[in-house]
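A quick write-up on the structure given underneath.
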Amino acid sequence: MATPLNVYNDDLKGLICLVSITWGALFYSLWELTPSWGGIGLLLISRNLFLQVLLHLSLVPALAPDWLKETTMLVLIFCSIDIAITWLGVILVPPTEAQGVLRPISAIPLKVLLLLMLGLSLGASASIATRQFNPSLIVSGGALTLLLDLDHIPSMFNIPQPIRPAHSIIFLIAVSALVYLTTRRASLTVLTCSAFFAHLGSDKAFFPLLSPFIFDITEFGPEVSYSLILVAFVLAYVAGLLKRRQNNLKADVVESH
Ligand SMILES: [Zn+2]
């Protein structure tokens, strides 16, 4: 019987093409903006590495377990929208308003560790709600919470960029709509929102909430940050409950055949 999972395995190649085009567009614009040999060399290496990853990903549909396919699909959608919004931010925002800078290199590992721990805890909460060990929810929680910061990529290449272009409601709407339309999984959609809120809760609270179209920065107090993290954990638990219901429905369908 064709399950929804099989349906979107067939779509994975199409999605890989979409992601390649997004990355191609990004690398091309970086190339245009930083025409130094060092930059070009770095871009070529990154691009080739990425093509290698894509090549291996094309083997995933045949070899990988279902949970890995689900996670890969979710992470690819999330990264594509993140990069697309970042790219739009670089193009649409006048350079005078482009003020995003990378945090000091020494502060990055600690922040990465913090985001990973936070995201994995979200995933674990969701997994507990399913009453099963659920690697898809755990890994997705960790990956999405961390990867929202892909919107710092231009500043890594010294390209003027607006601050945190993907830390916005527009990003949240776009990514959750695409996750739902592609996977038809309410659990993954809710987990995506959970990871987004947790990430915002862990950052210093000033965000361009309508980026990449309007770059007014909204600033919150620490109580909003704590509330966002609380909301994130509630949403993660709800994602787990939805996943459990979906697993039960699947089991009922198998039994009735
Ligand atoms: Zn961030």
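If you're wondering about the labels, chains in the structure tokens are A, B, ... by order shown, residues count from 1 in each chain, ligands from 1 in order shown.
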
DSSP-assigned helix (DSSP H, G or I) among stretch 98-203 of chain A, expressed as a ChimeraX atom specification: /A:105-130,135-156,169-183,186-202

Shell of 10 Å around ligand 1 (only C-alpha atoms and all ligand atoms), written as a PyMOL selection string: chain A and resi 111-112+115+145-152+163-167+196+198-205+207

Close residues, A:Tyr180 itself excluded, 10 Å, only C-alpha atoms, min 5 positions apart in chain, as a PyMOL selection string: chain A and resi 74+175+185-190+192

Contacts of stretch 238-255 of chain A at 10 Å (only C-alpha atoms; same-chain gap of 2+ positions) as a ChimeraX atom specification: /A:1,3,122-132,134,137,185-194,232-236,257

Take the residues that were just selected and, keeping N, CA and C atoms, output them as a CSV table (one decimal), in the first residue's frame.
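What follows is the written file result_9.csv:
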chain,number,residue,atom,x,y,z
A,1,MET,N,0.8,-1.2,0.0
A,1,MET,CA,0.0,0.0,0.0
A,1,MET,C,0.9,1.3,0.0
A,3,THR,N,2.0,4.4,1.3
A,3,THR,CA,1.8,5.3,2.5
A,3,THR,C,2.2,6.7,2.1
A,122,LEU,N,14.0,19.6,23.4
A,122,LEU,CA,12.7,19.7,22.7
A,122,LEU,C,12.3,18.4,22.1
A,123,GLY,N,13.2,17.8,21.3
A,123,GLY,CA,13.0,16.6,20.6
A,123,GLY,C,12.7,15.5,21.6
A,124,ALA,N,13.4,15.5,22.7
A,124,ALA,CA,13.2,14.4,23.7
A,124,ALA,C,11.8,14.6,24.4
A,125,SER,N,11.4,15.8,24.6
A,125,SER,CA,10.0,16.0,25.2
A,125,SER,C,9.0,15.5,24.2
A,126,ALA,N,9.2,15.8,22.9
A,126,ALA,CA,8.2,15.3,21.9
A,126,ALA,C,8.3,13.7,21.9
A,127,SER,N,9.5,13.2,22.0
A,127,SER,CA,9.6,11.7,22.0
A,127,SER,C,8.9,11.1,23.2
A,128,ILE,N,9.1,11.7,24.3
A,128,ILE,CA,8.4,11.2,25.6
A,128,ILE,C,6.9,11.2,25.4
A,129,ALA,N,6.4,12.2,24.7
A,129,ALA,CA,4.9,12.3,24.5
A,129,ALA,C,4.4,11.2,23.6
A,130,THR,N,5.3,10.6,22.7
A,130,THR,CA,4.9,9.5,21.8
A,130,THR,C,4.9,8.2,22.6
A,131,ARG,N,5.5,8.2,23.8
A,131,ARG,CA,5.7,7.0,24.6
A,131,ARG,C,6.5,5.9,23.8
A,132,GLN,N,7.4,6.4,22.9
A,132,GLN,CA,8.3,5.5,22.2
A,132,GLN,C,9.6,6.3,22.0
A,134,ASN,N,11.9,8.0,19.7
A,134,ASN,CA,11.6,8.5,18.4
A,134,ASN,C,12.7,9.4,17.8
A,137,LEU,N,12.0,12.8,15.8
A,137,LEU,CA,11.7,14.0,16.6
A,137,LEU,C,12.9,14.6,17.3
A,185,ARG,N,2.3,16.2,7.6
A,185,ARG,CA,2.5,15.8,9.0
A,185,ARG,C,2.3,17.0,10.0
A,186,ALA,N,1.2,17.0,10.7
A,186,ALA,CA,1.0,18.1,11.6
A,186,ALA,C,2.0,18.1,12.7
A,187,SER,N,2.5,16.8,13.1
A,187,SER,CA,3.5,16.7,14.1
A,187,SER,C,4.8,17.4,13.7
A,188,LEU,N,5.2,17.3,12.5
A,188,LEU,CA,6.5,17.9,12.0
A,188,LEU,C,6.3,19.4,11.9
A,189,THR,N,5.1,19.9,11.5
A,189,THR,CA,4.8,21.3,11.4
A,189,THR,C,4.9,21.9,12.8
A,190,VAL,N,4.3,21.3,13.8
A,190,VAL,CA,4.3,21.9,15.2
A,190,VAL,C,5.7,21.8,15.7
A,191,LEU,N,6.5,20.8,15.4
A,191,LEU,CA,7.8,20.7,15.9
A,191,LEU,C,8.7,21.8,15.3
A,192,THR,N,8.4,22.1,14.1
A,192,THR,CA,9.2,23.2,13.4
A,192,THR,C,8.9,24.5,14.1
A,193,CYS,N,7.6,24.8,14.5
A,193,CYS,CA,7.3,26.0,15.2
A,193,CYS,C,8.0,26.0,16.6
A,194,SER,N,8.0,24.8,17.2
A,194,SER,CA,8.6,24.7,18.5
A,194,SER,C,10.1,25.1,18.5
A,232,ALA,N,7.7,26.8,23.5
A,232,ALA,CA,8.4,25.8,22.6
A,232,ALA,C,8.3,24.4,23.2
A,233,PHE,N,8.4,24.3,24.5
A,233,PHE,CA,8.4,22.9,25.1
A,233,PHE,C,6.9,22.4,25.1
A,234,VAL,N,5.9,23.3,25.3
A,234,VAL,CA,4.5,22.8,25.2
A,234,VAL,C,4.3,22.4,23.7
A,235,LEU,N,4.7,23.1,22.8
A,235,LEU,CA,4.5,22.8,21.4
A,235,LEU,C,5.2,21.4,21.0
A,236,ALA,N,6.4,21.2,21.6
A,236,ALA,CA,7.2,20.0,21.3
A,236,ALA,C,6.4,18.8,21.9
A,257,HIS,N,-6.0,-4.5,7.5
A,257,HIS,CA,-5.7,-5.1,6.2
A,257,HIS,C,-5.4,-6.6,6.3

Atom-to-atom span, atom CA of A:Ile214 and atom CA of A:Leu88, Å: 11.5 Å

All strand (DSSP E) residues (DSSP, backbone) inside stretch 70-229 of chain A, as a ChimeraX atom specification: /A:206-207,218-219

Would you write out those residues with C-alpha atoms, as a CSV table (one decimal), in the first residue's frame?
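What follows is the written file selection35.csv:
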chain,number,residue,atom,x,y,z
A,206,PHE,CA,15.7,41.8,19.2
A,207,PHE,CA,14.3,40.5,15.9
A,218,THR,CA,11.3,44.6,17.6
A,219,GLU,CA,12.9,44.3,21.1

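Computed from the coordinates, the atom CA of A:Trp67 to atom CA of A:Ser140 distance equals 9.9 Å.
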
Selected residue, from A:Tyr226, A:Phe197, A:Phe157, A:Phe220, that lies nearest to A:Leu102 when counting only C-alpha atoms: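 Closest residue, counting only C-alpha atoms: A:Phe157.
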